[in-house]
>>> print(open('run_39.csv').read())   # CSV, C-alpha atoms
chain,number,residue,atom,x,y,z
A,29,MET,CA,25.1,-20.4,-0.3
A,30,SER,CA,21.4,-19.9,-0.5
A,31,ALA,CA,18.7,-22.1,-1.7
A,32,SER,CA,16.6,-19.1,-2.5
A,33,THR,CA,18.9,-17.6,-5.1
A,34,GLY,CA,17.3,-18.3,-8.5
A,35,THR,CA,18.2,-18.1,-12.1
A,36,LEU,CA,15.4,-16.1,-13.7
A,37,ASP,CA,16.4,-12.8,-15.4
A,38,ARG,CA,14.4,-10.2,-13.5
A,39,ARG,CA,13.8,-7.9,-16.5
A,40,ALA,CA,12.5,-10.8,-18.6
A,41,ALA,CA,10.4,-12.1,-15.8
A,42,VAL,CA,8.7,-8.7,-15.1
A,43,LYS,CA,8.3,-8.1,-18.8
A,44,ALA,CA,6.5,-11.4,-19.2
A,45,LEU,CA,4.4,-10.7,-16.1
A,46,LEU,CA,3.1,-7.5,-17.6
A,47,ALA,CA,2.5,-8.8,-21.2
A,48,GLU,CA,-1.0,-8.1,-22.4
A,49,ARG,CA,-1.7,-6.4,-19.1
A,50,GLY,CA,-5.2,-5.2,-20.0
A,51,ASP,CA,-6.7,-3.3,-17.1
A,52,LEU,CA,-4.0,-4.4,-14.7
A,53,LEU,CA,-2.9,-1.7,-12.1
A,54,VAL,CA,0.7,-2.0,-10.9
A,55,ILE,CA,2.4,-0.7,-7.8
A,56,SER,CA,6.2,-1.2,-7.7
A,57,GLY,CA,8.4,-1.3,-4.7
A,58,LEU,CA,11.4,1.1,-4.5
A,59,GLY,CA,14.7,0.3,-6.2
A,60,SER,CA,15.2,-2.4,-8.8
A,61,SER,CA,11.5,-3.4,-8.9
A,62,SER,CA,10.5,0.1,-10.0
A,63,TYR,CA,13.2,0.0,-12.6
A,64,ASP,CA,12.0,-3.4,-13.9
A,65,VAL,CA,8.4,-2.3,-14.2
A,66,PHE,CA,9.5,0.9,-16.0
A,67,ASP,CA,11.8,-1.1,-18.3
A,68,ALA,CA,8.8,-3.4,-19.2
A,69,GLY,CA,7.0,-0.4,-20.6
A,70,GLU,CA,5.8,3.0,-19.4
A,71,HIS,CA,2.1,3.0,-18.5
A,72,PRO,CA,-0.2,5.4,-16.6
A,73,GLY,CA,-1.5,2.5,-14.6
A,74,ASN,CA,2.0,2.1,-13.0
A,75,PHE,CA,2.7,3.8,-9.7
A,76,TYR,CA,6.4,3.6,-9.0
A,77,LEU,CA,7.6,4.0,-5.4
A,78,TRP,CA,10.9,5.7,-4.9
A,79,GLY,CA,10.8,5.4,-1.2
A,80,ALA,CA,8.4,4.3,1.5
A,81,MET,CA,10.3,1.0,2.0
A,82,GLY,CA,7.9,-1.6,3.3
A,83,GLY,CA,4.8,0.2,2.1
A,84,ALA,CA,4.3,-1.3,-1.4
A,85,ALA,CA,1.9,-4.1,-0.4
A,86,MET,CA,-0.2,-1.7,1.7
A,87,VAL,CA,-0.5,0.8,-1.1
A,88,GLY,CA,-1.6,-2.1,-3.2
A,89,LEU,CA,-4.2,-3.1,-0.6
A,90,GLY,CA,-5.7,0.4,-0.4
A,91,LEU,CA,-5.9,0.5,-4.1
A,92,ALA,CA,-7.4,-3.0,-4.4
A,93,LEU,CA,-10.1,-2.2,-1.9
A,94,ALA,CA,-10.9,1.0,-3.7
A,95,GLN,CA,-11.0,-0.7,-7.1
A,96,PRO,CA,-12.4,-4.2,-6.6
A,97,LYS,CA,-13.1,-4.7,-10.3
A,98,ARG,CA,-9.6,-4.1,-11.4
A,99,PRO,CA,-6.7,-6.6,-10.9
A,100,VAL,CA,-3.9,-5.0,-8.8
A,101,LEU,CA,-0.4,-6.3,-8.9
A,102,VAL,CA,2.3,-5.3,-6.4
A,103,ILE,CA,5.8,-6.0,-7.8
A,104,THR,CA,8.5,-5.7,-5.2
A,105,GLY,CA,11.7,-7.1,-3.9
A,106,ASP,CA,12.4,-9.5,-1.0
A,107,GLY,CA,14.0,-6.7,1.1
A,108,GLU,CA,11.1,-4.3,0.6
A,109,GLN,CA,8.5,-6.9,1.5
A,110,LEU,CA,10.5,-8.0,4.5
A,111,MET,CA,10.5,-4.5,5.9
A,112,GLY,CA,6.7,-4.5,5.7
A,113,ILE,CA,6.2,-8.1,6.6
A,114,GLY,CA,3.2,-7.4,8.9
A,115,SER,CA,1.3,-6.1,5.9
A,116,LEU,CA,0.9,-9.7,4.7
A,117,LEU,CA,-1.2,-10.4,7.9
A,118,THR,CA,-3.2,-7.2,7.3
A,119,ILE,CA,-3.9,-8.1,3.7
A,120,ALA,CA,-5.0,-11.6,4.7
A,121,THR,CA,-7.6,-10.2,7.1
A,122,LYS,CA,-9.3,-8.4,4.1
A,123,GLN,CA,-8.9,-11.3,1.6
A,124,PRO,CA,-9.0,-9.0,-1.5
A,125,GLY,CA,-9.6,-11.3,-4.4
A,126,ASN,CA,-8.1,-8.8,-6.9
A,127,LEU,CA,-4.8,-8.3,-5.2
A,128,SER,CA,-1.6,-10.1,-6.1
A,129,ILE,CA,1.9,-9.7,-4.9
A,130,ALA,CA,5.0,-10.7,-6.9
A,131,VAL,CA,8.1,-10.7,-4.8
A,132,LEU,CA,11.3,-10.6,-6.9
A,133,ASP,CA,13.5,-12.6,-4.6
A,134,ASN,CA,17.2,-12.6,-5.2
A,135,GLY,CA,18.0,-13.2,-1.5
A,136,HIS,CA,19.9,-9.9,-1.3
A,137,PHE,CA,19.5,-6.2,-0.7
A,138,GLY,CA,20.5,-5.3,-4.3
A,139,GLU,CA,20.4,-1.5,-4.1
A,140,THR,CA,22.7,-1.2,-1.2
A,141,GLY,CA,25.6,-3.4,-2.1
A,142,MET,CA,24.2,-6.9,-2.3
A,143,GLN,CA,24.1,-7.8,1.4
A,144,PRO,CA,22.3,-11.1,2.0
A,145,SER,CA,18.7,-10.6,3.0
A,146,HIS,CA,16.7,-12.6,5.5
A,147,SER,CA,15.3,-14.4,2.5
A,148,GLY,CA,18.8,-15.2,1.3
A,149,LEU,CA,19.6,-16.4,4.8
A,150,GLY,CA,16.7,-18.9,4.9
A,151,ALA,CA,13.4,-17.2,5.4
A,152,ARG,CA,10.7,-18.3,2.9
A,153,LEU,CA,8.3,-15.5,2.1
A,154,GLU,CA,5.7,-17.7,0.5
A,155,VAL,CA,5.5,-19.9,3.6
A,156,ILE,CA,5.2,-16.7,5.8
A,157,ALA,CA,2.4,-15.5,3.5
A,158,ASP,CA,0.7,-18.8,3.8
A,159,GLY,CA,0.9,-18.7,7.6
A,160,ALA,CA,-0.4,-15.1,7.5
A,161,GLY,CA,-3.5,-16.3,5.8
A,162,ILE,CA,-2.8,-15.5,2.2
A,163,GLY,CA,-4.1,-18.8,0.8
A,164,ASN,CA,-2.9,-18.6,-2.7
A,165,VAL,CA,0.9,-18.7,-2.6
A,166,CYS,CA,3.5,-20.2,-4.9
A,167,GLU,CA,7.2,-20.3,-5.7
A,168,ILE,CA,8.2,-19.6,-9.3
A,169,ALA,CA,11.6,-20.6,-10.7
A,170,ASP,CA,11.0,-20.6,-14.5
A,171,MET,CA,9.2,-18.7,-17.2
A,172,ALA,CA,6.4,-21.3,-17.4
A,173,GLY,CA,5.6,-20.4,-13.8
A,174,ILE,CA,5.6,-16.7,-14.7
A,175,GLU,CA,3.1,-17.3,-17.5
A,176,LYS,CA,0.8,-19.4,-15.3
A,177,PHE,CA,0.9,-16.6,-12.6
A,178,ARG,CA,0.3,-13.9,-15.2
A,179,THR,CA,-2.9,-15.5,-16.5
A,180,SER,CA,-4.2,-16.1,-13.0
A,181,LEU,CA,-4.1,-12.4,-12.3
A,182,ARG,CA,-7.3,-11.9,-14.3
A,183,ASP,CA,-9.3,-14.0,-11.9
A,184,LEU,CA,-10.6,-11.4,-9.5
A,185,GLY,CA,-11.8,-14.0,-7.0
A,186,GLY,CA,-8.6,-15.9,-6.7
A,187,GLY,CA,-6.6,-13.6,-4.5
A,188,PRO,CA,-5.0,-12.5,-2.4
A,189,ARG,CA,-2.0,-14.2,-4.0
A,190,LEU,CA,1.7,-14.1,-3.3
A,191,ALA,CA,4.4,-15.5,-5.7
A,192,ARG,CA,8.0,-15.7,-4.7
A,193,ILE,CA,9.8,-15.3,-7.9
A,194,ARG,CA,13.4,-16.7,-7.8
A,195,ILE,CA,15.5,-14.3,-9.8
A,196,ALA,CA,19.2,-14.2,-10.3
A,197,ALA,CA,21.2,-12.0,-8.1
A,198,GLY,CA,23.2,-10.2,-10.8
A,199,GLU,CA,23.2,-6.4,-11.3
A,200,VAL,CA,21.3,-5.0,-14.2
A,201,GLU,CA,21.5,-1.6,-15.8
A,202,ARG,CA,19.2,0.9,-14.1
A,203,ALA,CA,16.2,2.1,-16.0
A,204,LEU,CA,14.8,5.2,-14.2
A,205,PRO,CA,11.1,6.0,-14.1
A,206,PRO,CA,9.8,9.5,-13.3
A,207,ARG,CA,10.5,10.5,-9.7
A,208,ASP,CA,7.9,13.3,-9.3
A,209,GLY,CA,5.4,11.7,-6.9
A,210,THR,CA,2.6,14.2,-7.5
A,211,TYR,CA,2.9,13.6,-11.3
A,212,LEU,CA,2.8,9.9,-10.8
A,213,LYS,CA,-0.2,10.2,-8.5
A,214,ASN,CA,-2.2,12.5,-10.8
A,215,ARG,CA,-1.3,10.4,-13.9
A,216,PHE,CA,-2.5,7.2,-12.2
A,217,ARG,CA,-5.8,8.8,-11.0
A,218,GLY,CA,-6.3,10.3,-14.4
A,219,HIS,CA,-5.9,6.8,-15.9
A,220,LEU,CA,-8.8,5.7,-13.6
A,221,GLY,CA,-11.0,8.7,-14.7
A,222,PHE,CA,-10.5,11.0,-11.7
A,223,LYS,CA,-10.0,14.7,-12.5
A,224,VAL,CA,-7.2,16.7,-11.1
A,225,SER,CA,-8.9,19.2,-8.7
B,7,MET,CA,-27.7,24.7,35.1
B,8,ASP,CA,-30.6,22.3,35.9
B,9,GLN,CA,-30.4,18.6,36.1
B,10,ILE,CA,-31.7,17.9,32.6
B,11,ALA,CA,-29.2,20.2,31.0
B,12,VAL,CA,-26.4,18.5,32.8
B,13,HIS,CA,-27.6,15.2,31.7
B,14,GLN,CA,-27.8,16.3,28.1
B,15,ASP,CA,-24.3,17.7,28.3
B,16,SER,CA,-22.9,14.5,29.5
B,17,ALA,CA,-24.8,12.6,26.8
B,18,THR,CA,-23.2,14.8,24.2
B,19,SER,CA,-19.8,14.2,25.6
B,20,ARG,CA,-20.2,10.5,25.5
B,21,ASP,CA,-21.3,10.7,21.9
B,22,TRP,CA,-18.3,12.5,20.4
B,23,PRO,CA,-17.2,9.3,18.5
B,24,VAL,CA,-20.7,9.3,16.9
B,25,ALA,CA,-20.2,13.0,15.9
B,26,ILE,CA,-16.8,12.0,14.3
B,27,TYR,CA,-18.4,9.1,12.5
B,28,ARG,CA,-21.2,11.2,11.1
B,29,THR,CA,-18.7,13.9,9.9
B,30,LEU,CA,-16.5,11.3,8.2
B,31,LYS,CA,-19.6,9.9,6.5
B,32,SER,CA,-20.6,13.3,5.3
B,33,PHE,CA,-17.1,13.6,3.7
B,34,GLY,CA,-17.6,10.3,1.9
B,35,VAL,CA,-14.9,8.4,3.8
B,36,ALA,CA,-14.8,4.9,2.3
B,37,GLN,CA,-11.9,3.3,4.1
B,38,VAL,CA,-10.9,3.3,7.8
B,39,SER,CA,-7.8,1.6,9.1
B,40,TYR,CA,-6.7,1.4,12.7
B,41,VAL,CA,-4.5,0.0,15.3
B,42,PRO,CA,-6.8,-0.9,18.2
B,43,ASP,CA,-7.2,1.7,20.8
B,44,ALA,CA,-9.7,2.0,23.7
B,45,GLY,CA,-10.3,5.7,23.0
B,46,HIS,CA,-11.4,4.9,19.4
B,47,SER,CA,-13.3,1.7,20.3
B,48,LYS,CA,-16.7,3.1,19.6
B,49,LEU,CA,-15.7,4.6,16.3
B,50,ILE,CA,-14.0,1.3,15.3
B,51,LYS,CA,-17.3,-0.5,16.1
B,52,LEU,CA,-19.4,2.0,14.1
B,53,SER,CA,-17.0,1.6,11.2
B,54,HIS,CA,-17.0,-2.2,11.2
B,55,ALA,CA,-20.8,-2.1,11.3
B,56,ASP,CA,-21.0,0.1,8.2
B,57,ALA,CA,-21.1,-1.9,5.0
B,58,ASP,CA,-20.1,1.1,3.0
B,59,ILE,CA,-16.8,1.5,4.9
B,60,LYS,CA,-14.0,-0.9,4.3
B,61,THR,CA,-12.4,-1.3,7.7
B,62,THR,CA,-8.9,-2.7,8.1
B,63,VAL,CA,-7.0,-3.6,11.3
B,64,LEU,CA,-3.3,-3.0,11.0
B,65,THR,CA,-0.3,-4.6,12.6
B,66,THR,CA,1.5,-1.2,12.9
B,67,GLU,CA,0.5,2.4,12.2
B,68,GLU,CA,2.6,3.1,9.2
B,69,GLU,CA,0.7,0.4,7.3
B,70,GLY,CA,-2.3,2.7,7.5
B,71,VAL,CA,-0.3,5.6,6.0
B,72,ALA,CA,0.5,3.5,3.0
B,73,LEU,CA,-3.0,2.2,2.8
B,74,SER,CA,-4.4,5.7,2.7
B,75,ALA,CA,-2.1,6.5,-0.2
B,76,GLY,CA,-3.4,3.4,-2.1
B,77,ALA,CA,-7.0,4.2,-1.3
B,78,TRP,CA,-6.6,7.7,-2.8
B,79,LEU,CA,-4.9,6.4,-5.9
B,80,GLY,CA,-8.1,4.3,-6.4
B,81,GLY,CA,-10.5,7.1,-5.6
B,82,ASP,CA,-11.3,6.3,-2.0
B,83,ARG,CA,-11.0,8.7,0.9
B,84,ALA,CA,-9.4,7.0,3.9
B,85,VAL,CA,-9.0,7.8,7.6
B,86,LEU,CA,-6.3,6.3,10.0
B,87,LEU,CA,-7.1,5.8,13.7
B,88,MET,CA,-4.3,5.4,16.2
B,89,GLN,CA,-3.0,6.2,19.6
B,90,SER,CA,-0.2,8.7,20.3
B,91,SER,CA,2.1,5.9,21.1
B,92,GLY,CA,2.1,4.8,17.5
B,93,VAL,CA,2.8,8.2,15.9
B,94,GLY,CA,6.6,7.7,15.9
B,95,ASN,CA,6.1,4.5,13.8
B,96,CYS,CA,4.7,6.6,11.0
B,97,VAL,CA,7.5,9.1,10.5
B,98,ASN,CA,9.3,7.5,7.5
B,99,MET,CA,6.1,6.5,5.8
B,100,LEU,CA,4.9,10.1,6.0
B,101,SER,CA,7.5,10.9,3.4
B,102,LEU,CA,5.3,9.0,0.9
B,103,MET,CA,2.5,11.4,1.6
B,104,ALA,CA,4.6,14.5,1.4
B,105,SER,CA,6.5,13.5,-1.7
B,106,CYS,CA,3.3,12.7,-3.6
B,107,ARG,CA,1.1,15.3,-1.9
B,108,PHE,CA,-1.3,12.5,-0.9
B,109,PRO,CA,-4.2,13.5,1.5
B,110,LEU,CA,-3.9,12.0,4.9
B,111,LEU,CA,-6.4,12.3,7.7
B,112,THR,CA,-5.4,10.6,10.9
B,113,LEU,CA,-7.2,10.9,14.3
B,114,VAL,CA,-5.0,10.3,17.2
B,115,THR,CA,-6.2,9.7,20.8
B,116,MET,CA,-3.6,11.1,23.2
B,117,ARG,CA,-1.9,9.3,26.0
B,118,GLY,CA,0.7,10.6,28.3
B,119,GLU,CA,-0.7,14.1,28.8
B,120,TRP,CA,-3.8,14.1,31.2
B,121,ALA,CA,-3.8,12.2,34.4
B,122,GLU,CA,-1.5,9.6,32.9
B,123,PHE,CA,-0.9,6.6,35.1
B,124,ASN,CA,1.8,4.9,32.9
B,125,PRO,CA,5.1,6.8,32.6
B,126,TRP,CA,6.0,4.7,29.6
B,127,GLN,CA,3.3,6.5,27.6
B,128,ILE,CA,4.7,10.0,28.4
B,129,PRO,CA,7.7,10.4,26.1
B,130,MET,CA,5.8,9.5,22.8
B,131,GLY,CA,2.8,11.5,24.0
B,132,ARG,CA,4.9,14.5,24.6
B,133,ALA,CA,6.7,14.2,21.2
B,134,THR,CA,3.5,13.5,19.2
B,135,PRO,CA,2.9,17.0,17.8
B,136,GLN,CA,6.6,17.4,16.8
B,137,ALA,CA,6.7,13.9,15.3
B,138,PHE,CA,4.0,15.0,12.9
B,139,GLU,CA,5.3,18.5,12.3
B,140,ILE,CA,8.8,17.5,11.4
B,141,MET,CA,7.3,15.6,8.4
B,142,GLY,CA,5.1,18.5,7.4
B,143,THR,CA,1.9,17.1,8.8
B,144,THR,CA,-0.6,19.8,10.1
B,145,VAL,CA,-1.6,19.2,13.7
B,146,LEU,CA,-5.1,20.2,14.9
B,147,ARG,CA,-6.4,19.7,18.5
B,148,LEU,CA,-9.7,18.4,19.6
B,149,GLU,CA,-10.1,19.4,23.3
B,150,ASN,CA,-13.8,19.7,23.7
B,151,PRO,CA,-16.4,17.0,22.8
B,152,ASP,CA,-18.8,19.6,21.5
B,153,ASP,CA,-16.2,20.7,18.9
B,154,ALA,CA,-15.8,17.3,17.3
B,155,GLU,CA,-17.8,17.9,14.2
B,156,GLU,CA,-16.3,21.3,13.5
B,157,VAL,CA,-12.7,20.2,14.0
B,158,ILE,CA,-13.0,16.9,12.1
B,159,SER,CA,-14.8,18.8,9.3
B,160,ALA,CA,-12.0,21.4,9.1
B,161,ALA,CA,-9.3,18.7,9.1
B,162,ALA,CA,-11.1,16.6,6.4
B,163,SER,CA,-11.4,19.7,4.1
B,164,LEU,CA,-7.8,20.5,4.6
B,165,ALA,CA,-6.8,16.9,3.8
B,166,TYR,CA,-9.1,15.9,0.9
B,167,ASP,CA,-9.6,19.3,-0.7
B,168,GLY,CA,-6.3,20.8,0.2
B,169,ASP,CA,-4.1,17.7,-0.4
B,170,GLN,CA,-2.5,18.0,3.0
B,171,GLN,CA,-1.5,15.6,5.7
B,172,VAL,CA,-3.5,16.4,8.8
B,173,ALA,CA,-3.5,14.9,12.3
B,174,VAL,CA,-6.2,15.6,14.8
B,175,LEU,CA,-5.0,15.0,18.3
B,176,ILE,CA,-7.9,14.1,20.6
B,177,SER,CA,-7.3,15.2,24.1
B,178,GLN,CA,-6.8,12.5,26.7
B,179,ARG,CA,-9.1,14.5,28.9
B,180,MET,CA,-12.0,13.6,26.5
B,181,ILE,CA,-11.3,9.9,26.8
B,182,GLY,CA,-11.1,9.9,30.6
B,183,ARG,CA,-8.9,8.3,33.2
B,184,LYS,CA,-8.0,4.7,32.5
B,185,LYS,CA,-9.2,2.5,35.3
B,186,TRP,CA,-6.2,0.3,36.3
B,187,THR,CA,-7.5,-1.0,39.6
B,188,LYS,CA,-10.6,-0.8,41.7
B,189,GLU,CA,-8.9,1.6,44.0
B,190,THR,CA,-9.6,5.3,43.4
B,191,HIS,CA,-6.7,7.7,43.3
>>> encode(input="run_39.csv", output="structure tokens")
Amino acid sequence: MSASTGTLDRRAAVKALLAERGDLLVISGLGSSSYDVFDAGEHPGNFYLWGAMGGAAMVGLGLALAQPKRPVLVITGDGEQLMGIGSLLTIATKQPGNLSIAVLDNGHFGETGMQPSHSGLGARLEVIADGAGIGNVCEIADMAGIEKFRTSLRDLGGGPRLARIRIAAGEVERALPPRDGTYLKNRFRGHLGFKVS
Amino acid sequence: MDQIAVHQDSATSRDWPVAIYRTLKSFGVAQVSYVPDAGHSKLIKLSHADADIKTTVLTTEEEGVALSAGAWLGGDRAVLLMQSSGVGNCVNMLSLMASCRFPLLTLVTMRGEWAEFNPWQIPMGRATPQAFEIMGTTVLRLENPDDAEEVISAAASLAYDGDQQVAVLISQRMIGRKKWTKETH
């Protein structure tokens, strides 16, 4: 039905995106995106959202502004980004060079029974991001595109970026990261050298 | 009270945004986000003019809640400025702050409570304290311009040192009547 439904395996795509991550900091949107990031390898520089739908990109912006010398990658789903669509405009006003957003787009709300999302019904997130003023946007449909995007993340002057990654819509087994938000917060801050008060 | 004293009092009253700005600076606030608001306009200007503060305009208030969480993850202290009419927009995102015990300091200019001309402002203004409190956010009131430093300082300590979510509601009386027409009422 939808031109936006892709063929990439989401787990393989995220794993490739996080290969040789170096000093990359990662925020993941609730649901499958958090499971994908966890499945790619536990890391104290991962902050998994388990709620706050629509907030992932803004958490990424606050972090990117606070840590301008570290690359920040938000990995989220089409439904999560759609709920916080205005955040693309807000991010564009700040032009944070170190912030990148990878939208895993299967055109569906996967966590809630695979209802078609606005993306699946025709909206194109990379075009919306471009219109919002995020100059560096792309659509990725194969692993070569993933690799190209991964290497671009190190360029701290090249953002903000948004990639719409066309993943397959199939269900994958859940991989559940820690859910204790205070633990995740303190672990992340500890990774950056901040003491727990 | 003589004329000079009265003049000084009114100067102090006008400068409460400056007192808030100085207090935020003394707490090392590095990020300010806001949804535009007339009552906060001076503080927004001061913030934009300060090269050490990253100032972000939002499309909706809950973005600033999430931004404050990200700022804290990265070691920055953040403040969110809004008007009472936007508080309801934040309710779901406040669960992020409560779940992770993220500090949140938000300064809210009140509408719908003092000499309000626009009835559409009244329901959200009336519900503002409860909208915060149902999510576990502590509500403090700033009623008098001369208390600005003390109240903001107490709120900042509670937020940044106590890991709490704190909203300071700035009385509409401090902001003054909104002039809608040239006629006086």
>>> interface_residues(input="run_39.csv", of="chain A", to="chain B", cutoff="7 Å", atoms="all atoms listed in the file", output="list in words")
Gly79, Ala80, Gly83, Met86, Val87, Gly88, Leu89, Gly90, Leu91, Ala94, Gln95, Gly114, Ser115, Thr118, Lys122, Gly209, Thr210, Lys213, Phe216 and Arg217 of chain A
>>> atom_distance(input="run_39.csv", atom1="atom CA of A:Asn164", atom2="atom CA of A:Arg189")
4.7 Å
>>> atom_distance(input="run_39.csv", atom1="atom CA of A:Pro188", atom2="atom CA of A:Pro96")
11.9 Å
>>> closest_residue(input="run_39.csv", among="B:Ala133, B:Asn150, B:His54, B:Leu110", to="B:Ser163", atoms="only C-alpha atoms")
B:Leu110
>>> residues_around(input="run_39.csv", residues="B:Glu156", least_positions_apart="3", cutoff="12 Å", atoms="only C-alpha atoms", output="list of chain:residue names")
B:Trp22, B:Ala25, B:Ile26, B:Arg28, B:Thr29, B:Leu30, B:Leu146, B:Arg147, B:Leu148, B:Glu149, B:Asn150, B:Pro151, B:Asp152, B:Asp153, B:Ser159, B:Ala160, B:Ala161, B:Ala162, B:Ser163, B:Val174
>>> residues_around(input="run_39.csv", residues="A:Glu154", least_positions_apart="6", cutoff="8 Å", atoms="only C-alpha atoms", output="ChimeraX atom specification")
/A:165-167,190-192
>>> residues_around(input="run_39.csv", residues="B:Ala173", least_positions_apart="2", cutoff="12 Å", atoms="all atoms listed in the file", output="mmCIF file with C-alpha atoms, in the frame of the given file")
data_model
loop_
_atom_site.group_PDB
_atom_site.id
_atom_site.type_symbol
_atom_site.label_atom_id
_atom_site.label_comp_id
_atom_site.auth_asym_id
_atom_site.auth_seq_id
_atom_site.Cartn_x
_atom_site.Cartn_y
_atom_site.Cartn_z
ATOM 1 C CA VAL B 71 -0.300 5.600 6.000
ATOM 2 C CA VAL B 85 -9.000 7.800 7.600
ATOM 3 C CA LEU B 86 -6.300 6.300 10.000
ATOM 4 C CA LEU B 87 -7.100 5.800 13.700
ATOM 5 C CA MET B 88 -4.300 5.400 16.200
ATOM 6 C CA GLN B 89 -3.000 6.200 19.600
ATOM 7 C CA SER B 90 -0.200 8.700 20.300
ATOM 8 C CA VAL B 93 2.800 8.200 15.900
ATOM 9 C CA CYS B 96 4.700 6.600 11.000
ATOM 10 C CA LEU B 100 4.900 10.100 6.000
ATOM 11 C CA PRO B 109 -4.200 13.500 1.500
ATOM 12 C CA LEU B 110 -3.900 12.000 4.900
ATOM 13 C CA LEU B 111 -6.400 12.300 7.700
ATOM 14 C CA THR B 112 -5.400 10.600 10.900
ATOM 15 C CA LEU B 113 -7.200 10.900 14.300
ATOM 16 C CA VAL B 114 -5.000 10.300 17.200
ATOM 17 C CA THR B 115 -6.200 9.700 20.800
ATOM 18 C CA MET B 116 -3.600 11.100 23.200
ATOM 19 C CA THR B 134 3.500 13.500 19.200
ATOM 20 C CA PRO B 135 2.900 17.000 17.800
ATOM 21 C CA GLN B 136 6.600 17.400 16.800
ATOM 22 C CA ALA B 137 6.700 13.900 15.300
ATOM 23 C CA PHE B 138 4.000 15.000 12.900
ATOM 24 C CA GLU B 139 5.300 18.500 12.300
ATOM 25 C CA MET B 141 7.300 15.600 8.400
ATOM 26 C CA GLY B 142 5.100 18.500 7.400
ATOM 27 C CA THR B 143 1.900 17.100 8.800
ATOM 28 C CA THR B 144 -0.600 19.800 10.100
ATOM 29 C CA VAL B 145 -1.600 19.200 13.700
ATOM 30 C CA LEU B 146 -5.100 20.200 14.900
ATOM 31 C CA ARG B 147 -6.400 19.700 18.500
ATOM 32 C CA LEU B 148 -9.700 18.400 19.600
ATOM 33 C CA VAL B 157 -12.700 20.200 14.000
ATOM 34 C CA ILE B 158 -13.000 16.900 12.100
ATOM 35 C CA ALA B 160 -12.000 21.400 9.100
ATOM 36 C CA ALA B 161 -9.300 18.700 9.100
ATOM 37 C CA ALA B 162 -11.100 16.600 6.400
ATOM 38 C CA LEU B 164 -7.800 20.500 4.600
ATOM 39 C CA ALA B 165 -6.800 16.900 3.800
ATOM 40 C CA GLN B 170 -2.500 18.000 3.000
ATOM 41 C CA GLN B 171 -1.500 15.600 5.700
ATOM 42 C CA LEU B 175 -5.000 15.000 18.300
ATOM 43 C CA ILE B 176 -7.900 14.100 20.600
#
>>> atom_distance(input="run_39.csv", atom1="atom CA of A:Arg194", atom2="atom CA of A:Ala169")
5.2 Å
>>> closest_residue(input="run_39.csv", among="B:Arg179, B:Glu155, B:Gly92, B:Tyr166", to="B:Glu122", atoms="only C-alpha atoms")
B:Arg179
>>> residues_around(input="run_39.csv", residues="A:Gly187", least_positions_apart="3", cutoff="8 Å", atoms="only C-alpha atoms", output="PyMOL selection string")
chain A and resi 123-128+162-164+183-184
>>> write_last_selection(input="run_39.csv", atoms="C-alpha atoms", output="tab-separated table (two decimals), in the coordinates of the input")
chain	number	residue	atom	x	y	z
A	123	GLN	CA	-8.90	-11.30	1.60
A	124	PRO	CA	-9.00	-9.00	-1.50
A	125	GLY	CA	-9.60	-11.30	-4.40
A	126	ASN	CA	-8.10	-8.80	-6.90
A	127	LEU	CA	-4.80	-8.30	-5.20
A	128	SER	CA	-1.60	-10.10	-6.10
A	162	ILE	CA	-2.80	-15.50	2.20
A	163	GLY	CA	-4.10	-18.80	0.80
A	164	ASN	CA	-2.90	-18.60	-2.70
A	183	ASP	CA	-9.30	-14.00	-11.90
A	184	LEU	CA	-10.60	-11.40	-9.50
>>> residues_near_point(input="run_39.csv", point="(6.4, -12.4, -14.5)", cutoff="8 Å", atoms="only C-alpha atoms", output="ChimeraX atom specification")
/A:40-46,130,171,174-175,177-178,193
